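J.: If you scroll down you'll find the structure; I have some questions about it.
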Amino acid sequence: MKKKVLIVICSLLIVFAFKTVTEPLFVVPTKWPKPAYDFTKNPVSVEKVELGRALFYDPILSRDSSVSCASCHSQFTAFTHVDHALSHGINDRIGNRNSPALMNLAWQNKFMWDGAVNHLDVQALAPISNHLEMDEKIENVIKKLQRNNLYKKLFKNAFGDSLATGEHTLKAISQFMLTLVSSNAKYDSVMLGKAKFTEQEKKGYVLFKKNCATCHTEPLFTNASFQNNGLPVDTTLNDIGRMGITHNPSDSLKFKVPTLRNIEFSQPYMHDGRFKKLQEVLKHYVFGVTKSKTLSPHLTKPIMLKPSEQVDIISFLLTLTDKKFLFNQRYSYPKKLFSK
Amino acid sequence: MFICLFLFVGLALAQQTKNIELKFSASFGTDAISLSDTSSFFSKKDSIEISSIRFYCSNIQFLKDGKKVWEEKSSYHLIDIANKNSSKLNLPVPKNLIYDEVKFNLGIDSLTNEMGAMGGDLDPTKGMYWAWNSGYINFKLEGKSNKCKTRNNEFQFHIGGYSLPYNALQLITLPTKYAEKINVDLDITKFLSSINLAEENHIMSPSAKALVMAQNIAKLFSVK
């Protein structure tokens, strides 16, 4: 009997071992560019990703332990805060920008709408310290983690040292975010010859390539540049965008071009979340572009799209929805870890 | 990291090394600023209290006739005048090293600023990192002055910025005699007399002003 149990356990272990081999934590999808992130400085491991995932979902990062990263970056909506134009913080404080959707971050060099953050590792410092978001000092976060038994164990597993440090905490959060790769939309299957667009999607794709793809470049659906897309200034916010970081007047009203992947689920749209529907976004580009000195050169000529063509583009955009990504359990709340 | 350190130390021993102590201090004219107590007071025309002087000293080199004869590889030191241990650096140099200048960067170079999260003195928990606009603070000076019509009469100068046109990194080269101990002193008298605290009492982001201030601060260092 004992032998049998042993055999079962052994075969289970082998199965699990193979499972980890067959599902790597991070892969560059076929025909995608080389990631911007330097993995040699932070090699991905199961244990580090697990730690990062715990930190991502743990409100311990905020001053009063009420808000986690996931509060404004929920998986089912492509890691953004659906139905909230501006992101929230502790004590129901309201921030001044729309929380961005998180995916394919390994291919980005600059983070936040204004590119204020220069590396994925240091990204988490911004929402942690922002008065309107988590309002906590990273020094205090580290102290809390150092006292916490679960994290002592997780840090030991991940870095061989149970004592949390700023470097290790940030690198672990990076690791989890790096694994958030969305590359399994219908669009991707079509590109790999495994599926076909409908007639309408095909029309939409052609129109998209003609009118939108200069900035929303495939396969990431962003060229990672900063552009003024002609939104009239919201005088309740007066957000100057990239210029706030560079102090360069030529950067006034410029914001980072967001990815369009999973756009179906990541409403509201734009840096201030002013549009709730994709129809409104399309209408903006056709009728609403406001001229100014820093307007994107790609928008100086009006984009002419008939209402039916706008619908075609939207039908194409819906092919960027990646259900495997939105419901991947590897990215979800680590229930088991927190219930221990 | 540690292996590198051991190798380095090992090699250094093989070459017969000795330690040169590079010590940083701060002064207000003839008075030393210790900051070991909570704060220090000085009064001339007005009263000034210094509560914090912290800065990064990186890429330390020794020069002879303008040529580099020794450098500390990947050296990044956070100097906190309030913490005597942090302001004394032991540099293992070859026994027969001859030099006439010591050179270092005041601050963190642009390449390192874009490297992501790092540990040791570069850990972002050291209070020398800007979260909302990525980058290290090269130099911090905080205190109080009657001239400042701010909350609690406080002034705060957080000087940094690594990208052009506001790269605040300063290269400092100081003539020094050959010695086992080199004391580099930062005299803040000139700094405080060069600005009008009533009008200029806080800088906390990269800017043209921060750049000018960084250049002024670099001039305050001398070998004592």
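Going through the structure tokens in order, the chains are called A, B, and so on, while each chain numbers its residues from 1 and the ligands are numbered from 1 in the order shown.
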Kindly determine which residues of chain A lie within 6 Å of chain B, considering only C-alpha atoms, and give the answer as a list in words.
T.: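 Output check: Ala116, Val117, Asn118, His119, Asp121, Val122, Leu125, Ala126, Ile138, Glu139, Gly166 and Glu167 of chain A.
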J.: Could the residues in this selection be saved with C-alpha atoms as a PDB file, in the first residue's frame?
T.:
```pdb
ATOM      1  CA  ALA A 116       7.192  59.830 -15.481  1.00  0.00           C
ATOM      2  CA  VAL A 117       8.526  56.391 -14.592  1.00  0.00           C
ATOM      3  CA  ASN A 118      11.630  55.207 -16.424  1.00  0.00           C
ATOM      4  CA  HIS A 119      11.703  51.483 -15.598  1.00  0.00           C
ATOM      5  CA  ASP A 121      10.999  48.058 -11.456  1.00  0.00           C
ATOM      6  CA  VAL A 122      10.396  51.515 -10.048  1.00  0.00           C
ATOM      7  CA  LEU A 125       6.844  53.395  -6.164  1.00  0.00           C
ATOM      8  CA  ALA A 126       4.595  55.970  -7.810  1.00  0.00           C
ATOM      9  CA  ILE A 138       8.151  52.581   0.667  1.00  0.00           C
ATOM     10  CA  GLU A 139      10.269  52.517   3.853  1.00  0.00           C
ATOM     11  CA  GLY A 166      13.160  47.746  -1.421  1.00  0.00           C
ATOM     12  CA  GLU A 167      15.096  46.215  -4.300  1.00  0.00           C
TER      13      GLU A 167
END
```
J.: Let's see if you can do this: from backbone DSSP, list all strand (DSSP E or B) residues in stretch 115-217 of chain B, as a PyMOL selection string.
T.: chain B and resi 129-130+135-145+154-160+170-175+181-187+202-203
J.: Keeping only C-alpha atoms, write those residues as a PDB file, in the first residue's frame.
T.:
```
ATOM      1  CA  TYR B 129      14.683  58.478  -4.888  1.00  0.00           C
ATOM      2  CA  TRP B 130      11.868  60.307  -6.602  1.00  0.00           C
ATOM      3  CA  GLY B 135      15.428  59.287 -10.625  1.00  0.00           C
ATOM      4  CA  TYR B 136      17.841  59.630  -7.767  1.00  0.00           C
ATOM      5  CA  ILE B 137      18.148  62.720  -5.626  1.00  0.00           C
ATOM      6  CA  ASN B 138      21.846  63.558  -5.875  1.00  0.00           C
ATOM      7  CA  PHE B 139      21.986  65.973  -2.970  1.00  0.00           C
ATOM      8  CA  LYS B 140      19.689  66.854  -0.107  1.00  0.00           C
ATOM      9  CA  LEU B 141      19.966  69.830   2.197  1.00  0.00           C
ATOM     10  CA  GLU B 142      17.207  70.538   4.674  1.00  0.00           C
ATOM     11  CA  GLY B 143      16.836  72.934   7.543  1.00  0.00           C
ATOM     12  CA  LYS B 144      15.193  76.055   8.892  1.00  0.00           C
ATOM     13  CA  SER B 145      15.800  79.764   8.567  1.00  0.00           C
ATOM     14  CA  GLU B 154      11.675  75.175   6.635  1.00  0.00           C
ATOM     15  CA  PHE B 155      13.796  75.004   3.520  1.00  0.00           C
ATOM     16  CA  GLN B 156      14.297  71.877   1.462  1.00  0.00           C
ATOM     17  CA  PHE B 157      16.662  71.457  -1.430  1.00  0.00           C
ATOM     18  CA  HIS B 158      16.421  68.107  -3.157  1.00  0.00           C
ATOM     19  CA  ILE B 159      18.754  68.364  -6.107  1.00  0.00           C
ATOM     20  CA  GLY B 160      18.715  65.781  -8.869  1.00  0.00           C
ATOM     21  CA  GLN B 170      28.541  67.091 -11.008  1.00  0.00           C
ATOM     22  CA  LEU B 171      32.118  65.905 -11.505  1.00  0.00           C
ATOM     23  CA  ILE B 172      34.314  67.102  -8.675  1.00  0.00           C
ATOM     24  CA  THR B 173      38.099  67.069  -8.896  1.00  0.00           C
ATOM     25  CA  LEU B 174      40.068  68.233  -5.885  1.00  0.00           C
ATOM     26  CA  PRO B 175      43.825  68.623  -5.475  1.00  0.00           C
ATOM     27  CA  LYS B 181      43.332  60.133   5.337  1.00  0.00           C
ATOM     28  CA  ILE B 182      41.677  62.588   3.049  1.00  0.00           C
ATOM     29  CA  ASN B 183      39.048  64.873   4.484  1.00  0.00           C
ATOM     30  CA  VAL B 184      36.688  66.370   1.936  1.00  0.00           C
ATOM     31  CA  ASP B 185      34.707  69.179   3.460  1.00  0.00           C
ATOM     32  CA  LEU B 186      31.511  70.793   2.282  1.00  0.00           C
ATOM     33  CA  ASP B 187      31.271  74.380   3.443  1.00  0.00           C
ATOM     34  CA  HIS B 202      12.503  74.625  -1.870  1.00  0.00           C
ATOM     35  CA  ILE B 203      13.542  72.708  -4.940  1.00  0.00           C
TER      36      ILE B 203
END
```
J.: So how many Å separate atom CA of A:Ala164 and atom CA of A:Gln146, to one decimal?
T.: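 Interatomic distance here is 5.4 Å.
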J.: When distances are computed from only C-alpha atoms, which of B:Asn146, B:Ser194, B:Asn105, B:Ser86 shows the smallest separation from B:Ala218?
T.: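 For B:Ala218, the nearest of the given residues is B:Asn105.
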